[in-house]
Every structure is written in structure tokens, then in C-alpha cells.
Amino acid sequence: MDIIITGQQAWDVEIGSNCKNIALEFSKTNRVLYVNSALDRISLMKNGNDPKIAKRKRVINKQESGLEEIQENLWVLNPDQMIESVNWISSDLIFNFLNKRNNRIFAQSIRAAADKLGFQNCIHFNDNDMFRSFYLKEYLKPRLSIYYSRDFMLAVDYWKKHGTALEPQLIAKSDLCVANSTYLADYCRKFNEKSYYVGQGCDLDIFMNGTNDPTPKDMIAINSPRIGYVGALQSLRLDLDLLRHIAISRPTWNIVLVGPEDNEFRESSLHMLPNVVFTGSKTFDQLPAYINSFDVCLNPQLLNEVTIGNYPRKIDEYLAVGKPTVATKTDAMSVFSKHVYLGETKEDYVILIEQALAENSTSKSAERREFASSHTWENSVAEIYKAIEKSL
């Protein structure tokens, strides 16, 4: 197949990206054109000195080609035309008019590149791009249009402003929708019956090999049981009161929090508790060793619009190291229910941590690792292929 991908994250983004991983998996057996977002005027004005922005500007000025072959079967396109920044406009009528114009300009660059590569009867895969890609089904006329939902974007003010009206329309007119969590698949199904849960791929090799990692030096002096969390410490996503309750209820447990803190965490009373340890940020390759040093891992997630539908990749990382894990019960966590202890209240967490400590065994650790190893990009994309076959 010839597949055109548009989305929110550019190929040269520094952080990990579901869409990039999916593109790489697609390209094993298909030709793929990965389209970076068209440069918009405000981004140029604010970040004109950024090397990535400068490169896009050179493409627009015809100083270099916007089409780059990354590897066999995979090309990345920087569009050769600029679009306007329109999300700040309050009037729906004016926003829709200008957004349609942006889509038309965006589509022209994509069509030119697709024609140059000889793409025919293309499939369009849209990674949560509800504005710039809203009209691409009409302009590109793909063989099949797929909307990929990996986050509940309407919880974010930027997307909520016009996305509350546009995303349901985009989901409805797409030929099919795929989602990385059961919650998001159910959400898409409200507007399009051809909506499928396709799971989440993870790059877990470093964690699968983490069972033999030595205890980090700053953990040696911390007595067991160590109850740990690894990841960004953000009050929007994590329950500060829950962590405090665990620490106070069981003063013989040491709560270890590995990751950068936001202001609320830095100023929280957790820093006053003797059995709560903040290690600060660690590099990615250090994380398996910290997880391996924990007796129980936590994901003390708050339930709100931002978190409720997210697929928790962190859980796969914990399980890949074989660790017993306690997490907040959500719809998205239902796929982990046989391998993770799921709680709803502060009291649940204490009881479940005690249970996890008591029940841990070599055989249970092996079961967790086997389950985590099934969450590969190959398996996730295989589910996308199944959804495509049903629709075609």
C-alpha cells in the first residue's frame, strides 16, 4: 500500500512518538510518506532561529527540497508552503474559512510529493490532527481515511476551543478510526461505528533486560520495602494526597519518586515526610535499574479528562522488569487487570500494596514479563491492518 501520514508531531521531534513508530512499522511492507506539519506564521515569528524552523523556511524559499528519503520505503516531507495561525480566532465562521484554506495549501504540497513518488490509491493515516488535516479526505481523496486517537486532546484548552466541534465531525467522516486505549476506542465509536482498539506498542528491550541491573548507589541505603514511581511528577496527573496517605499509613515503607517535579510537587508536604525520597531526574537508560530496585511499582494517577483515556506505557515498563504493580483503576487499565492490582481509593492502595508484597513470586514475575512483551509495535500495527481489511 501507499500510505500518507499526517499528525501533530514532526519527524524531527526529540521526544518519542507513537506515529513515528507506526510509520517505521508500516514501511516494512508499504511505501510511506510522513508529512511534517506545515510551517505556520506564528511559529516562524516566535522560533525563527530554531534549526528545524530554519530548515522549513529554506524549503518554502525553494532553497532545498522538502522531500527526504529516510530509509527504504519511507520519506519525510516538509511542506513547501506556509499556513496561517488561526486557532486564536473566536469566530467559528472565520476560523472554519481560514482553516479550510490552510488545509487546501497543505494538501497541495502533499499531492505534489505523492505524485513525485508515484503514490496511487493512497491510504491517509491521521494522527490526532483535527485542524490541519480536517479537510484532507476531500482534498486528497484517499482510498481510505483513518483517524488515529492516542490521547483525549479535548482536555487541553488549545484543542478544546475549536476541536469540541471539529473532532466529532472528523471522526464521523473518516472511513475508520483506531485507538490505543479502550476508552478512546469507545469515545470514537460514539461518532463512527468503525472504531477499533489496536493496542499500544512499546520499545521495551531496555526494560526486559533490566532484571539483572544492579541497585543504583542512591538506593542502597534505602531500606525495603521500596514502593516506587518512575516518570514526570506532575500534579495534573498524579494524586499527591494518595501518596501522602500511603506514606503516613505505612511509615516502614519507603516511597521513592524518580523524575522531574512540577511546582506543586516541589512545594508539597511530601518533602517533609522521612519515608518519601525524591531522586530527581534520571536518564532513560538508568530507569530499568531503579524499577528493578523497587519491591512494588505505583501509578498513582488522578482521574480527570487529561488522564482517563491515556494508555499507560509506564505500566508496560514496570511489568517488563517483572515488578508487582498497583495502579488506579480506569477503563484504559482494563487490559492490564490480570497482571496489575487496580485500586479506586487511598485505602485500596495500601491494601493492594500489602497484597502485592505478599503474593510476589518468580512465576508471577515471569507472567508479567511475558504479558508486557506482547505489546509491540508489530502487534499494534497488525491490529491496524485488520481494521483496514475490514473497511476495504
# chains A, B, ... in the order shown; residues from 1 in each chain; ligands from 1
>>> closest_atom_pairs(of="range 11-33 of chain A", to="range 122-125 of chain A", cutoff="10 Å", atoms="only C-alpha atoms", output="tab-separated table")
residue	atom	partner	partner_atom	distance
A:Cys19	CA	A:Phe125	CA	9.4
A:Ala23	CA	A:Phe125	CA	9.6
A:Arg31	CA	A:Cys122	CA	9.7
A:Val32	CA	A:Ile123	CA	9.6
A:Leu33	CA	A:His124	CA	9.7
>>> residues_around(residues="Ala179 in chain A", least_positions_apart="6", cutoff="9 Å", atoms="only C-alpha atoms", output="NGL selection string")
:A and (147-151 or 185-186 or 188 or 195-200)
>>> select_by_dssp(residues="range 81-252 of chain A", states="strand (DSSP E or B)", output="mmCIF file with N, CA and C atoms, in the first residue's frame")
data_model
loop_
_atom_site.group_PDB
_atom_site.id
_atom_site.type_symbol
_atom_site.label_atom_id
_atom_site.label_comp_id
_atom_site.auth_asym_id
_atom_site.auth_seq_id
_atom_site.Cartn_x
_atom_site.Cartn_y
_atom_site.Cartn_z
ATOM 1 N N ILE A 83 1.315 28.137 6.171
ATOM 2 C CA ILE A 83 -0.083 28.323 6.508
ATOM 3 C C ILE A 83 -0.204 29.388 7.591
ATOM 4 N N ILE A 123 -3.689 5.468 1.139
ATOM 5 C CA ILE A 123 -4.382 5.462 2.427
ATOM 6 C C ILE A 123 -3.860 6.655 3.220
ATOM 7 N N HIS A 124 -4.774 7.407 3.820
ATOM 8 C CA HIS A 124 -4.374 8.549 4.658
ATOM 9 C C HIS A 124 -4.548 8.170 6.117
ATOM 10 N N PHE A 125 -3.446 8.232 6.868
ATOM 11 C CA PHE A 125 -3.441 7.925 8.296
ATOM 12 C C PHE A 125 -3.217 9.235 9.047
ATOM 13 N N ASN A 126 -4.214 9.653 9.822
ATOM 14 C CA ASN A 126 -4.195 10.945 10.510
ATOM 15 C C ASN A 126 -4.019 10.740 12.008
ATOM 16 N N ASP A 127 -2.867 11.140 12.517
ATOM 17 C CA ASP A 127 -2.547 11.001 13.940
ATOM 18 C C ASP A 127 -3.076 12.201 14.726
ATOM 19 N N LEU A 144 -8.674 5.316 1.477
ATOM 20 C CA LEU A 144 -9.187 5.077 2.819
ATOM 21 C C LEU A 144 -8.635 6.151 3.744
ATOM 22 N N SER A 145 -9.487 6.719 4.596
ATOM 23 C CA SER A 145 -9.027 7.709 5.574
ATOM 24 C C SER A 145 -9.160 7.118 6.970
ATOM 25 N N ILE A 146 -8.071 7.176 7.731
ATOM 26 C CA ILE A 146 -8.022 6.585 9.072
ATOM 27 C C ILE A 146 -7.708 7.675 10.083
ATOM 28 N N TYR A 147 -8.508 7.765 11.148
ATOM 29 C CA TYR A 147 -8.223 8.690 12.242
ATOM 30 C C TYR A 147 -7.678 7.888 13.409
ATOM 31 N N TYR A 148 -6.491 8.283 13.894
ATOM 32 C CA TYR A 148 -5.827 7.592 14.999
ATOM 33 C C TYR A 148 -5.951 8.435 16.257
ATOM 34 N N SER A 149 -6.610 7.888 17.277
ATOM 35 C CA SER A 149 -6.794 8.590 18.548
ATOM 36 C C SER A 149 -5.885 7.958 19.591
ATOM 37 N N LEU A 176 -12.512 4.898 8.924
ATOM 38 C CA LEU A 176 -12.419 4.121 10.153
ATOM 39 C C LEU A 176 -11.561 4.864 11.162
ATOM 40 N N CYS A 177 -11.689 4.478 12.420
ATOM 41 C CA CYS A 177 -10.888 5.072 13.498
ATOM 42 C C CYS A 177 -10.204 3.943 14.260
ATOM 43 N N VAL A 178 -8.989 4.204 14.690
ATOM 44 C CA VAL A 178 -8.264 3.256 15.532
ATOM 45 C C VAL A 178 -7.755 4.014 16.751
ATOM 46 N N ALA A 179 -7.666 3.323 17.882
ATOM 47 C CA ALA A 179 -7.287 3.996 19.130
ATOM 48 C C ALA A 179 -6.376 3.093 19.944
ATOM 49 N N SER A 195 -14.828 1.840 14.660
ATOM 50 C CA SER A 195 -13.761 2.297 15.556
ATOM 51 C C SER A 195 -13.214 1.091 16.298
ATOM 52 N N TYR A 196 -11.896 0.974 16.329
ATOM 53 C CA TYR A 196 -11.270 -0.247 16.821
ATOM 54 C C TYR A 196 -10.138 0.067 17.809
ATOM 55 N N TYR A 197 -10.056 -0.767 18.831
ATOM 56 C CA TYR A 197 -8.917 -0.720 19.759
ATOM 57 C C TYR A 197 -7.772 -1.522 19.147
ATOM 58 N N ARG A 226 10.597 -0.950 49.249
ATOM 59 C CA ARG A 226 10.634 0.292 48.472
ATOM 60 C C ARG A 226 9.437 0.300 47.529
ATOM 61 N N ILE A 227 8.622 1.313 47.662
ATOM 62 C CA ILE A 227 7.429 1.460 46.827
ATOM 63 C C ILE A 227 7.723 2.615 45.868
ATOM 64 N N GLY A 228 7.827 2.332 44.565
ATOM 65 C CA GLY A 228 8.393 3.336 43.675
ATOM 66 C C GLY A 228 7.527 3.763 42.513
ATOM 67 N N TYR A 229 7.823 4.969 42.065
ATOM 68 C CA TYR A 229 7.208 5.534 40.849
ATOM 69 C C TYR A 229 8.321 6.117 39.998
ATOM 70 N N VAL A 230 8.233 5.894 38.667
ATOM 71 C CA VAL A 230 9.199 6.463 37.728
ATOM 72 C C VAL A 230 8.432 7.256 36.677
ATOM 73 N N LEU A 233 6.751 13.970 37.578
ATOM 74 C CA LEU A 233 5.926 14.197 38.767
ATOM 75 C C LEU A 233 5.097 15.457 38.539
ATOM 76 N N LEU A 238 -0.908 13.133 38.766
ATOM 77 C CA LEU A 238 -0.666 12.245 39.904
ATOM 78 C C LEU A 238 -1.332 12.769 41.160
#
>>> residues_around(residues="range 360-362 of chain A", least_positions_apart="2", cutoff="12 Å", atoms="only C-alpha atoms", output="PyMOL selection string")
chain A and resi 211+295-296+321-325+339-341+352-358+364-369
>>> residues_around(residues="Phe152 in chain A", least_positions_apart="6", cutoff="12 Å", atoms="only C-alpha atoms", output="PyMOL selection string")
chain A and resi 128-130+159-160+163-164+167-168+179-188+304-311+332
>>> write_last_selection(atoms="N, CA and C atoms", output="tab-separated table (two decimals), in the first residue's frame")
chain	number	residue	atom	x	y	z
A	128	ASN	N	-4.37	12.13	15.12
A	128	ASN	CA	-4.95	13.12	16.05
A	128	ASN	C	-4.87	14.56	15.56
A	129	ASP	N	-4.66	14.79	14.25
A	129	ASP	CA	-4.52	16.16	13.73
A	129	ASP	C	-5.89	16.66	13.27
A	130	MET	N	-6.64	17.24	14.19
A	130	MET	CA	-8.04	17.55	13.90
A	130	MET	C	-8.25	18.87	13.17
A	159	TRP	N	-6.85	22.63	22.06
A	159	TRP	CA	-7.64	21.79	21.16
A	159	TRP	C	-9.13	21.91	21.44
A	160	LYS	N	-9.49	22.18	22.70
A	160	LYS	CA	-10.90	22.26	23.07
A	160	LYS	C	-11.61	23.41	22.37
A	163	GLY	N	-11.84	22.26	18.64
A	163	GLY	CA	-11.88	20.81	18.47
A	163	GLY	C	-13.14	20.17	19.01
A	164	THR	N	-13.79	20.79	19.99
A	164	THR	CA	-15.04	20.24	20.52
A	164	THR	C	-16.06	20.04	19.41
A	167	GLU	N	-13.58	17.70	16.09
A	167	GLU	CA	-13.12	16.31	16.19
A	167	GLU	C	-14.25	15.30	15.98
A	168	PRO	N	-15.42	15.47	16.60
A	168	PRO	CA	-16.50	14.51	16.33
A	168	PRO	C	-16.87	14.44	14.84
A	179	ALA	N	-7.67	3.32	17.88
A	179	ALA	CA	-7.29	4.00	19.13
A	179	ALA	C	-6.38	3.09	19.94
A	180	ASN	N	-5.51	3.72	20.74
A	180	ASN	CA	-4.54	2.95	21.52
A	180	ASN	C	-5.04	2.62	22.92
A	181	SER	N	-6.27	3.01	23.26
A	181	SER	CA	-6.86	2.60	24.54
A	181	SER	C	-8.33	2.27	24.31
A	182	THR	N	-8.85	1.42	25.17
A	182	THR	CA	-10.26	1.03	25.04
A	182	THR	C	-11.16	2.23	25.28
A	183	TYR	N	-10.74	3.13	26.17
A	183	TYR	CA	-11.54	4.33	26.44
A	183	TYR	C	-11.69	5.18	25.18
A	184	LEU	N	-10.58	5.40	24.48
A	184	LEU	CA	-10.62	6.23	23.27
A	184	LEU	C	-11.34	5.53	22.13
A	185	ALA	N	-11.24	4.21	22.07
A	185	ALA	CA	-11.99	3.48	21.05
A	185	ALA	C	-13.50	3.63	21.29
A	186	ASP	N	-13.91	3.57	22.55
A	186	ASP	CA	-15.33	3.77	22.88
A	186	ASP	C	-15.76	5.20	22.56
A	187	TYR	N	-14.88	6.16	22.84
A	187	TYR	CA	-15.17	7.56	22.53
A	187	TYR	C	-15.38	7.74	21.02
A	188	CYS	N	-14.49	7.19	20.21
A	188	CYS	CA	-14.62	7.30	18.75
A	188	CYS	C	-15.87	6.60	18.25
A	304	ASN	N	-9.05	12.40	35.65
A	304	ASN	CA	-9.57	13.64	35.08
A	304	ASN	C	-9.57	13.50	33.56
A	305	GLU	N	-10.01	14.55	32.88
A	305	GLU	CA	-10.12	14.48	31.42
A	305	GLU	C	-8.77	14.21	30.75
A	306	VAL	N	-7.71	14.71	31.36
A	306	VAL	CA	-6.39	14.56	30.75
A	306	VAL	C	-5.91	13.12	30.83
A	307	THR	N	-6.22	12.42	31.92
A	307	THR	CA	-5.63	11.11	32.16
A	307	THR	C	-6.53	9.93	31.87
A	308	ILE	N	-7.82	10.12	31.87
A	308	ILE	CA	-8.73	8.97	31.92
A	308	ILE	C	-8.62	8.06	30.71
A	309	GLY	N	-8.29	8.60	29.54
A	309	GLY	CA	-8.24	7.77	28.35
A	309	GLY	C	-6.85	7.34	27.93
A	310	ASN	N	-5.83	7.81	28.63
A	310	ASN	CA	-4.45	7.55	28.19
A	310	ASN	C	-4.03	6.10	28.40
A	311	TYR	N	-3.30	5.59	27.42
A	311	TYR	CA	-2.67	4.28	27.59
A	311	TYR	C	-1.41	4.48	28.42
A	332	ALA	N	-9.05	2.40	30.58
A	332	ALA	CA	-7.85	2.07	29.80
A	332	ALA	C	-7.01	0.99	30.48
>>> residues_around(residues="Asp218 in chain A", least_positions_apart="5", cutoff="12 Å", atoms="only C-alpha atoms", output="MDAnalysis selection string")
chainID A and resid 223 256 258 277:280 282 289:290 293
>>> atom_distance(atom1="CA of Ala113 in chain A", atom2="CA of Met1 in chain A")
16.2 Å
>>> residues_around(residues="Arg104 in chain A", least_positions_apart="3", cutoff="8 Å", atoms="only C-alpha atoms", output="PyMOL selection string")
chain A and resi 100-101+107-108+135-136+139
>>> write_last_selection(atoms="C-alpha atoms", output="tab-separated table (two decimals), in the first residue's frame")
chain	number	residue	atom	x	y	z
A	100	LYS	CA	-10.13	25.17	5.10
A	101	ARG	CA	-7.72	27.44	3.22
A	107	ALA	CA	-2.92	19.28	0.56
A	108	GLN	CA	-1.25	20.90	-2.46
A	135	TYR	CA	-10.41	18.53	5.02
A	136	LEU	CA	-7.71	16.21	3.66
A	139	TYR	CA	-8.67	17.36	-0.97
>>> decode(residues="range 14-66 of chain A", atoms="C-alpha atoms", output="PDB file, in the first residue's frame")
ATOM      1  CA  GLU A  14      13.061  14.991  20.075  1.00  0.00           C
ATOM      2  CA  ILE A  15      10.556  13.090  22.195  1.00  0.00           C
ATOM      3  CA  GLY A  16       9.165   9.642  21.441  1.00  0.00           C
ATOM      4  CA  SER A  17       6.233   9.451  19.085  1.00  0.00           C
ATOM      5  CA  ASN A  18       3.634   6.750  18.518  1.00  0.00           C
ATOM      6  CA  CYS A  19       3.191   7.998  14.978  1.00  0.00           C
ATOM      7  CA  LYS A  20       6.888   7.659  14.101  1.00  0.00           C
ATOM      8  CA  ASN A  21       6.940   4.108  15.447  1.00  0.00           C
ATOM      9  CA  ILE A  22       3.833   3.257  13.420  1.00  0.00           C
ATOM     10  CA  ALA A  23       5.383   4.808  10.293  1.00  0.00           C
ATOM     11  CA  LEU A  24       8.517   2.689  10.726  1.00  0.00           C
ATOM     12  CA  GLU A  25       6.416  -0.441  11.122  1.00  0.00           C
ATOM     13  CA  PHE A  26       4.246   0.458   8.106  1.00  0.00           C
ATOM     14  CA  SER A  27       7.363   0.971   5.982  1.00  0.00           C
ATOM     15  CA  LYS A  28       8.478  -2.644   6.437  1.00  0.00           C
ATOM     16  CA  THR A  29       5.895  -3.732   3.860  1.00  0.00           C
ATOM     17  CA  ASN A  30       4.456  -0.489   2.407  1.00  0.00           C
ATOM     18  CA  ARG A  31       5.603   2.825   0.956  1.00  0.00           C
ATOM     19  CA  VAL A  32       5.122   5.636   3.468  1.00  0.00           C
ATOM     20  CA  LEU A  33       5.136   9.420   3.120  1.00  0.00           C
ATOM     21  CA  TYR A  34       5.399  11.010   6.582  1.00  0.00           C
ATOM     22  CA  VAL A  35       4.269  14.645   6.383  1.00  0.00           C
ATOM     23  CA  ASN A  36       5.504  17.170   8.924  1.00  0.00           C
ATOM     24  CA  SER A  37       3.101  19.967   9.833  1.00  0.00           C
ATOM     25  CA  ALA A  38       3.237  22.944   7.503  1.00  0.00           C
ATOM     26  CA  LEU A  39       5.111  25.886   8.998  1.00  0.00           C
ATOM     27  CA  ASP A  40       2.699  28.476  10.381  1.00  0.00           C
ATOM     28  CA  ARG A  41       3.393  32.175  10.651  1.00  0.00           C
ATOM     29  CA  ILE A  42       3.374  32.476  14.460  1.00  0.00           C
ATOM     30  CA  SER A  43       5.850  29.581  14.815  1.00  0.00           C
ATOM     31  CA  LEU A  44       8.134  31.333  12.351  1.00  0.00           C
ATOM     32  CA  MET A  45       7.903  34.614  14.265  1.00  0.00           C
ATOM     33  CA  LYS A  46       8.458  33.044  17.697  1.00  0.00           C
ATOM     34  CA  ASN A  47      11.041  30.386  16.841  1.00  0.00           C
ATOM     35  CA  GLY A  48      12.690  31.596  13.662  1.00  0.00           C
ATOM     36  CA  ASN A  49      16.176  30.762  14.968  1.00  0.00           C
ATOM     37  CA  ASP A  50      15.315  27.139  15.708  1.00  0.00           C
ATOM     38  CA  PRO A  51      17.277  24.953  13.230  1.00  0.00           C
ATOM     39  CA  LYS A  52      14.139  22.930  12.454  1.00  0.00           C
ATOM     40  CA  ILE A  53      12.161  26.101  11.648  1.00  0.00           C
ATOM     41  CA  ALA A  54      15.077  27.453   9.585  1.00  0.00           C
ATOM     42  CA  LYS A  55      15.080  24.240   7.529  1.00  0.00           C
ATOM     43  CA  ARG A  56      11.346  24.553   6.817  1.00  0.00           C
ATOM     44  CA  LYS A  57      11.870  28.164   5.803  1.00  0.00           C
ATOM     45  CA  ARG A  58      14.572  27.137   3.306  1.00  0.00           C
ATOM     46  CA  VAL A  59      12.130  24.645   1.795  1.00  0.00           C
ATOM     47  CA  ILE A  60       9.458  27.340   1.437  1.00  0.00           C
ATOM     48  CA  ASN A  61      12.025  29.642  -0.197  1.00  0.00           C
ATOM     49  CA  LYS A  62      12.889  26.843  -2.674  1.00  0.00           C
ATOM     50  CA  GLN A  63      16.472  26.702  -1.370  1.00  0.00           C
ATOM     51  CA  GLU A  64      16.247  22.976  -0.726  1.00  0.00           C
ATOM     52  CA  SER A  65      13.886  20.091  -1.344  1.00  0.00           C
ATOM     53  CA  GLY A  66      11.239  19.362   1.233  1.00  0.00           C
TER      54      GLY A  66
END
